[in-house]
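Below is my_file-v4.cif, which holds mmCIF, C-alpha atoms.
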```
data_structure
loop_
_atom_site.label_atom_id
_atom_site.label_comp_id
_atom_site.auth_asym_id
_atom_site.auth_seq_id
_atom_site.Cartn_x
_atom_site.Cartn_y
_atom_site.Cartn_z
CA MET A 10 142.26 48.01 38.21
CA ALA A 11 141.69 46.80 34.68
CA THR A 12 139.11 44.21 33.74
CA ILE A 13 140.18 41.80 30.99
CA TYR A 14 137.49 40.77 28.49
CA ASN A 15 137.89 37.47 26.64
CA HIS A 16 134.32 37.33 25.34
CA ASN A 17 131.69 39.44 23.68
CA PRO A 18 129.40 40.64 26.50
CA LEU A 19 126.76 41.74 23.99
CA ILE A 20 125.76 38.15 23.24
CA LEU A 21 126.14 36.45 26.64
CA THR A 22 123.06 35.65 28.69
CA ALA A 23 122.29 34.63 32.27
CA SER A 24 119.38 32.84 33.93
CA ILE A 25 117.55 34.20 36.98
CA GLU A 26 119.42 31.77 39.22
CA ASP A 27 122.81 32.75 37.76
CA ILE A 28 122.00 36.43 38.38
CA VAL A 29 120.78 35.85 41.92
CA TRP A 30 123.87 33.79 42.74
CA ARG A 31 126.14 36.55 41.45
CA MET A 32 124.33 39.21 43.45
CA VAL A 33 123.93 37.29 46.71
CA PHE A 34 127.39 35.70 46.73
CA ARG A 35 129.39 38.59 45.33
CA GLU A 36 132.60 37.47 47.00
CA LYS A 37 134.20 35.20 44.41
CA GLN A 38 136.11 33.10 46.91
CA LEU A 39 132.81 31.40 47.75
CA GLU A 40 132.57 29.96 44.23
CA ILE A 41 134.22 26.69 45.21
CA ASP A 42 132.06 26.27 48.32
CA ILE A 43 128.82 26.88 46.43
CA GLU A 44 130.09 24.80 43.51
CA ASP A 45 130.40 21.78 45.77
CA ALA A 46 126.92 22.36 47.17
CA PHE A 47 125.41 22.31 43.70
CA ASP A 48 125.73 18.56 43.25
CA GLY A 49 126.66 18.08 39.61
CA LYS A 50 126.46 21.79 38.78
CA HIS A 51 129.77 23.58 38.33
CA TRP A 52 130.63 27.22 37.81
CA ASP A 53 132.08 27.87 34.35
CA SER A 54 134.02 31.11 34.83
CA ARG A 55 134.73 31.49 31.12
CA ALA A 56 131.07 31.17 30.17
CA GLY A 57 129.92 33.12 33.20
CA GLN A 58 127.26 30.65 34.27
CA PHE A 59 126.62 27.28 35.93
CA ARG A 60 126.99 24.10 33.88
CA HIS A 61 125.31 20.74 34.48
CA ASP A 62 127.53 17.67 34.28
CA SER A 63 124.67 15.22 34.26
CA ASP A 64 120.96 14.95 33.54
CA ASN A 65 120.19 14.91 37.25
CA LEU A 66 118.65 18.21 38.28
CA PRO A 67 120.71 19.73 41.12
CA PRO A 68 119.10 21.67 43.95
CA SER A 69 118.18 25.28 43.35
CA LEU A 70 120.19 28.10 44.88
CA LEU A 71 117.44 28.69 47.45
CA GLU A 72 117.58 25.00 48.41
CA VAL A 73 121.37 25.20 48.73
CA ILE A 74 121.19 28.17 51.09
CA ASN A 75 118.39 26.54 53.11
CA ASP A 76 120.48 23.38 53.44
CA LYS A 77 123.52 25.36 54.61
CA LEU A 78 121.30 27.26 57.04
CA SER A 79 119.86 24.03 58.47
CA THR A 80 123.38 22.66 58.94
CA ALA A 81 124.53 25.85 60.66
CA ARG A 82 121.55 25.80 63.04
CA SER A 83 122.13 22.15 63.95
CA ARG A 84 125.80 22.83 64.63
CA THR A 85 124.93 25.83 66.82
CA ASP A 86 122.38 23.85 68.83
CA ARG A 87 124.95 21.11 69.35
CA ALA A 88 127.55 23.67 70.47
CA ARG A 89 125.13 25.09 73.04
CA LYS A 90 124.32 21.63 74.41
CA GLU A 91 128.04 20.91 74.69
CA GLU A 92 128.50 24.27 76.45
CA ALA A 93 130.98 25.63 73.91
CA THR A 94 132.67 28.97 74.55
CA GLU A 95 130.69 32.17 74.07
CA ASP A 96 133.00 33.26 71.25
CA LYS A 97 132.42 30.02 69.37
CA ILE A 98 128.65 30.20 69.77
CA LYS A 99 128.67 33.87 68.70
CA ALA A 100 130.61 32.93 65.56
CA PHE A 101 127.99 30.27 64.76
CA ASP A 102 125.16 32.74 65.43
CA ASP A 103 126.82 35.28 63.12
CA GLU A 104 127.02 32.65 60.38
CA ILE A 105 123.29 31.87 60.80
CA ALA A 106 122.41 35.57 60.62
CA SER A 107 124.51 35.96 57.46
CA LEU A 108 122.87 32.98 55.78
CA GLU A 109 119.39 34.14 56.80
CA GLY A 110 120.16 37.49 55.18
CA LYS A 111 121.42 35.83 52.01
CA LEU A 112 118.36 33.58 51.85
CA GLN A 113 115.96 36.53 52.12
CA GLN A 114 117.97 38.48 49.55
CA ALA A 115 117.87 35.52 47.16
CA ILE A 116 114.10 35.14 47.60
CA ASP A 117 113.51 38.85 47.01
CA LEU A 118 115.76 39.00 43.93
CA THR A 119 114.21 35.87 42.43
CA ARG A 120 110.73 37.36 42.82
CA GLU A 121 111.83 40.72 41.42
CA LEU A 122 113.54 39.21 38.37
CA SER A 123 110.56 36.94 37.68
CA ILE A 124 108.26 39.98 37.64
CA GLU A 125 110.68 41.86 35.36
CA ALA A 126 110.79 38.88 32.98
CA ASP A 127 107.00 38.67 32.85
CA VAL A 128 106.73 42.37 31.97
CA LEU A 129 109.46 42.13 29.32
CA GLN A 130 107.89 39.10 27.67
CA ARG A 131 104.73 41.14 27.16
CA ASN A 132 106.63 44.30 26.19
CA PRO A 133 110.31 43.66 25.23
CA ASN A 134 110.90 47.40 24.75
CA ASP A 135 109.70 48.42 28.19
CA SER A 136 111.66 51.58 29.01
CA ALA A 137 111.04 51.30 32.76
CA THR A 138 113.90 48.84 33.17
CA SER A 139 117.42 48.48 31.80
CA LEU A 140 117.03 44.69 31.72
CA LYS A 141 116.87 42.99 28.32
CA LEU A 142 115.72 39.45 27.54
CA SER A 143 117.42 37.24 24.99
CA GLN A 144 115.52 36.84 21.72
CA ASN A 145 114.82 33.16 22.50
CA SER A 146 113.23 34.10 25.83
CA ILE A 147 110.89 36.46 24.01
CA SER A 148 109.96 34.38 20.98
CA SER A 149 110.16 30.69 21.87
CA GLY A 150 109.01 30.54 25.47
CA SER A 151 112.26 28.84 26.51
CA GLU A 152 114.02 29.35 29.84
CA ILE A 153 114.15 33.01 30.84
CA MET A 154 117.56 34.43 29.97
CA PHE A 155 118.63 38.04 30.47
CA MET A 156 121.41 39.75 28.52
CA GLN A 157 124.39 40.00 30.86
CA TYR A 158 125.32 43.56 29.94
CA SER A 159 121.81 44.72 30.87
CA VAL A 160 122.04 42.95 34.22
CA TYR A 161 125.17 44.98 35.04
CA GLU A 162 123.25 48.24 34.57
CA TRP A 163 120.15 47.01 36.41
CA ALA A 164 122.00 45.58 39.41
CA LEU A 165 124.06 48.74 39.83
CA ASP A 166 121.17 51.17 39.42
CA ASN A 167 118.59 49.27 41.48
CA HIS A 168 120.67 47.46 44.10
CA ASP A 169 124.05 49.20 44.12
CA ILE A 170 125.64 45.84 43.29
CA GLU A 171 128.31 45.82 40.61
CA ILE A 172 128.83 42.65 38.54
CA ARG A 173 131.93 43.99 36.82
CA GLU A 174 132.58 40.97 34.60
CA TRP A 175 129.19 41.44 32.91
CA ALA A 176 129.72 45.07 31.93
CA ARG A 177 130.25 46.11 28.33
CA PRO A 178 133.87 47.18 27.68
CA GLY A 179 134.27 50.84 28.54
CA THR A 180 131.02 51.11 30.50
CA ILE A 181 132.23 50.27 34.01
CA ARG A 182 131.15 53.16 36.21
CA PRO A 183 133.03 54.48 39.21
CA ARG A 184 131.58 53.54 42.57
CA ARG A 185 128.97 56.03 43.70
CA ALA A 186 130.02 58.56 46.30
CA ARG A 187 128.29 58.01 49.61
CA LYS A 188 126.25 60.80 51.15
CA TYR A 189 127.48 59.56 54.50
CA THR A 190 130.83 58.05 55.39
CA THR A 191 133.19 57.43 58.29
CA LYS A 192 136.89 56.73 58.49
CA LEU A 193 136.20 53.01 58.94
CA LEU A 194 133.97 52.95 55.83
CA GLU A 195 136.72 54.70 53.89
CA ILE A 196 139.20 52.06 55.05
CA LEU A 197 136.80 49.29 54.02
CA ASP A 198 136.50 50.83 50.56
CA ALA A 199 140.28 51.00 50.33
CA ILE A 200 140.57 47.31 51.27
CA ILE A 201 138.04 46.34 48.60
CA GLU A 202 139.83 48.38 45.93
CA GLU A 203 143.24 47.01 46.86
CA PHE A 204 142.39 43.33 47.38
CA TYR A 205 138.98 42.43 45.95
CA GLU A 206 138.35 44.29 42.67
CA ASP A 207 139.89 41.49 40.59
CA VAL A 208 140.30 38.81 43.24
CA ASP A 209 141.33 35.32 42.14
CA PRO A 210 138.75 32.94 43.68
CA GLN A 211 141.44 30.25 43.90
CA HIS A 212 143.75 32.53 45.92
CA PRO A 213 141.74 34.96 48.09
CA PRO A 214 143.78 37.43 50.15
CA LYS A 215 144.92 36.32 53.58
CA ASN A 216 143.75 38.26 56.63
CA ALA A 217 147.34 38.81 57.69
CA ALA A 218 148.18 40.47 54.38
CA ILE A 219 145.14 42.75 54.59
CA ILE A 220 145.85 43.73 58.20
CA ALA A 221 149.52 44.46 57.47
CA TRP A 222 148.52 46.63 54.51
CA VAL A 223 145.92 48.58 56.52
CA GLU A 224 148.36 49.20 59.36
CA ARG A 225 150.93 50.46 56.86
CA GLU A 226 148.52 52.65 54.87
CA PHE A 227 146.62 54.10 57.84
CA PRO A 228 149.25 54.57 60.59
CA ASN A 229 147.34 57.49 62.15
CA GLU A 230 144.19 55.44 62.79
CA LYS A 231 145.58 53.04 65.40
CA THR A 232 143.06 54.21 68.01
CA ILE A 233 140.12 52.85 65.99
CA LEU A 234 141.91 49.91 64.37
CA SER A 235 142.08 47.45 67.24
CA LYS A 236 142.82 43.79 66.52
CA LYS A 237 139.12 42.98 66.95
CA MET A 238 138.14 45.74 64.51
CA LEU A 239 140.72 44.62 61.93
CA ASP A 240 139.52 41.02 62.18
CA SER A 241 135.91 42.20 61.77
CA MET A 242 136.78 44.28 58.69
CA CYS A 243 138.45 41.25 57.10
CA LYS A 244 135.32 39.22 57.80
CA ILE A 245 133.02 41.91 56.37
CA VAL A 246 134.79 42.06 53.02
CA ARG A 247 135.00 38.26 52.88
CA THR A 248 131.35 37.35 53.68
#
```
Is it possible to give me this structure as structure tokens?
Amino acid sequence: MATIYNHNPLILTASIEDIVWRMVFREKQLEIDIEDAFDGKHWDSRAGQFRHDSDNLPPSLLEVINDKLSTARSRTDRARKEEATEDKIKAFDDEIASLEGKLQQAIDLTRELSIEADVLQRNPNDSATSLKLSQNSISSGSEIMFMQYSVYEWALDNHDIEIREWARPGTIRPRRARKYTTKLLEILDAIIEEFYEDVDPQHPPKNAAIIAWVEREFPNEKTILSKKMLDSMCKIVRT
């Protein structure tokens, strides 16, 4: 699917927090949810970064995830005390596990990018990384800002995460071939390509549409595509 560019990616920059948010919350349909959590800080899709609407400093991304994690744990504890169904408690536990994973990923990426920035400030031409700092970040000691196009290369090479909207025109690379795959992984890849490559965050695909498409495209895989498996696959590509 084509990616439409309405900006010059060679001059756009991104802060460490913007990069971490993009990499941890790759599914764009979460933009609105995270946007609300960042009190006073809204995602500007045209600029490709968060914008502050006031002088009040909003919580950091790590604080946002921690707050969501605390809320999820409290809700799960309450559900257990109220003797909720096992399915409901399992769903809450799955949410906690997902948020714990995202929190650790955000912490690790923040640390890694901070180290990269420190190295680049001392040696802007360091050939050991594809990351590039903005000129202001090198010369004036202002907030650390990375060039977006360099983040695309770095994230893909080092973390197998593709931030397509930050790529230079004509440089988007095909997804790497896996050394190991299964039929279910192939179906997941097909779902992503069909529904999520250029997903509109305001109108994410419905589970029913995805399931109907999979059943139509893979009619010979009914033995492995139970209702539970189809629901799980929809959840995997969404979270």
Once the PyMOL selection byres ((chain A and resi 156) around 10) is applied to the coordinates I shared, what remains selected? I want it as a PDB file with C-alpha atoms, in the coordinates of the input.
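Once everything was written out, this is selection-v6.pdb:
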```pdb
ATOM      1  CA  PRO A  18     129.400  40.640  26.500  1.00  0.00           C
ATOM      2  CA  LEU A  19     126.760  41.740  23.990  1.00  0.00           C
ATOM      3  CA  ILE A  20     125.760  38.150  23.240  1.00  0.00           C
ATOM      4  CA  LEU A  21     126.140  36.450  26.640  1.00  0.00           C
ATOM      5  CA  THR A  22     123.060  35.650  28.690  1.00  0.00           C
ATOM      6  CA  ALA A  23     122.290  34.630  32.270  1.00  0.00           C
ATOM      7  CA  SER A  24     119.380  32.840  33.930  1.00  0.00           C
ATOM      8  CA  LEU A 140     117.030  44.690  31.720  1.00  0.00           C
ATOM      9  CA  LYS A 141     116.870  42.990  28.320  1.00  0.00           C
ATOM     10  CA  LEU A 142     115.720  39.450  27.540  1.00  0.00           C
ATOM     11  CA  SER A 143     117.420  37.240  24.990  1.00  0.00           C
ATOM     12  CA  GLN A 144     115.520  36.840  21.720  1.00  0.00           C
ATOM     13  CA  MET A 154     117.560  34.430  29.970  1.00  0.00           C
ATOM     14  CA  PHE A 155     118.630  38.040  30.470  1.00  0.00           C
ATOM     15  CA  GLN A 157     124.390  40.000  30.860  1.00  0.00           C
ATOM     16  CA  TYR A 158     125.320  43.560  29.940  1.00  0.00           C
ATOM     17  CA  SER A 159     121.810  44.720  30.870  1.00  0.00           C
ATOM     18  CA  VAL A 160     122.040  42.950  34.220  1.00  0.00           C
ATOM     19  CA  TYR A 161     125.170  44.980  35.040  1.00  0.00           C
ATOM     20  CA  TRP A 175     129.190  41.440  32.910  1.00  0.00           C
TER      21      TRP A 175
END
```
Practice prompt. Do a neighbour search on Lys236 (chain A) at 12 Å with all atoms listed in the file, toss out local chain neighbours closer than 2 positions, and write the hits as a VMD selection string.
Written response: chain A and resid 216 to 217 220 to 221 223 to 224 231 to 234 238 to 243
Can you write just those residues out, C-alpha atoms, as a PDB file, in the coordinates of the input?
```pdb
ATOM      1  CA  ASN A 216     143.750  38.260  56.630  1.00  0.00           C
ATOM      2  CA  ALA A 217     147.340  38.810  57.690  1.00  0.00           C
ATOM      3  CA  ILE A 220     145.850  43.730  58.200  1.00  0.00           C
ATOM      4  CA  ALA A 221     149.520  44.460  57.470  1.00  0.00           C
ATOM      5  CA  VAL A 223     145.920  48.580  56.520  1.00  0.00           C
ATOM      6  CA  GLU A 224     148.360  49.200  59.360  1.00  0.00           C
ATOM      7  CA  LYS A 231     145.580  53.040  65.400  1.00  0.00           C
ATOM      8  CA  THR A 232     143.060  54.210  68.010  1.00  0.00           C
ATOM      9  CA  ILE A 233     140.120  52.850  65.990  1.00  0.00           C
ATOM     10  CA  LEU A 234     141.910  49.910  64.370  1.00  0.00           C
ATOM     11  CA  MET A 238     138.140  45.740  64.510  1.00  0.00           C
ATOM     12  CA  LEU A 239     140.720  44.620  61.930  1.00  0.00           C
ATOM     13  CA  ASP A 240     139.520  41.020  62.180  1.00  0.00           C
ATOM     14  CA  SER A 241     135.910  42.200  61.770  1.00  0.00           C
ATOM     15  CA  MET A 242     136.780  44.280  58.690  1.00  0.00           C
ATOM     16  CA  CYS A 243     138.450  41.250  57.100  1.00  0.00           C
TER      17      CYS A 243
END
```
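Candidate residues A:Glu95, A:Glu171, A:Glu109, A:Asp27 were compared for distance to Leu122 (chain A), and the nearest is A:Asp27, using only C-alpha atoms.
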Which residues are close to Ala164 (chain A), i.e. within 10 Å by all atoms listed in the file, leaving aside same-chain residues fewer than 6 positions away? Reply as a PDB file with C-alpha atoms, keeping the file's coordinate frame.
```pdb
ATOM      1  CA  ILE A  28     122.000  36.430  38.380  1.00  0.00           C
ATOM      2  CA  MET A  32     124.330  39.210  43.450  1.00  0.00           C
ATOM      3  CA  SER A 139     117.420  48.480  31.800  1.00  0.00           C
ATOM      4  CA  LEU A 140     117.030  44.690  31.720  1.00  0.00           C
ATOM      5  CA  ILE A 170     125.640  45.840  43.290  1.00  0.00           C
ATOM      6  CA  GLU A 171     128.310  45.820  40.610  1.00  0.00           C
ATOM      7  CA  ILE A 172     128.830  42.650  38.540  1.00  0.00           C
TER       8      ILE A 172
END
```
Discussion item. Applying 12 Å and all atoms listed in the file, which residues near Glu203 (chain A) remain after dropping the ones on its own chain fewer than 5 positions away? List them as a count of residues only.
Written reply: 12
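We find CA of Tyr189 (chain A) and CA of Ser107 (chain A) to be spaced 24.0 Å apart.
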Item to complete: Report as a ChimeraX atom specification the residues that result from applying the PyMOL selection byres ((chain A and resi 112) around 12) to the structure here.
Response: /A:29-30,32-34,69-79,105-111,113-119
Worksheet item: Could you work out how far CA of Ser136 (chain A) lies from CA of Leu165 (chain A), giving the answer in Å with one decimal?
Response: 16.7 Å
Item to complete: Rounded to one decimal place, report the CA of Ile98 (chain A)-CA of Thr85 (chain A) distance in Å.
Response: 6.5 Å
Worksheet item: Between A:Ile25, A:Arg82, A:Asp166, A:Thr191, which has the minimum distance to Ile153 (chain A) (counting only C-alpha atoms)?
Response: A:Ile25
Worksheet entry | Distance criterion (all atoms listed in the file): nearest to Asp103 (chain A) out of A:Arg31, A:Glu26, A:Glu125, A:Ala81 | A:Ala81
Box along x, y and z, 8 Å on every side, all listed atoms of region 215-225 of chain A inside: centre and edge lengths in Å to one decimal, as JSON.
```
{"center_x": 147.3, "center_y": 43.4, "center_z": 56.5, "size_x": 23.2, "size_y": 30.1, "size_z": 21.8}
```
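Proximity ranking of A:Glu202, A:Asp102, A:Asp169, A:Glu121 relative to Asp86 (chain A) places A:Asp102 first, based on all atoms listed in the file.
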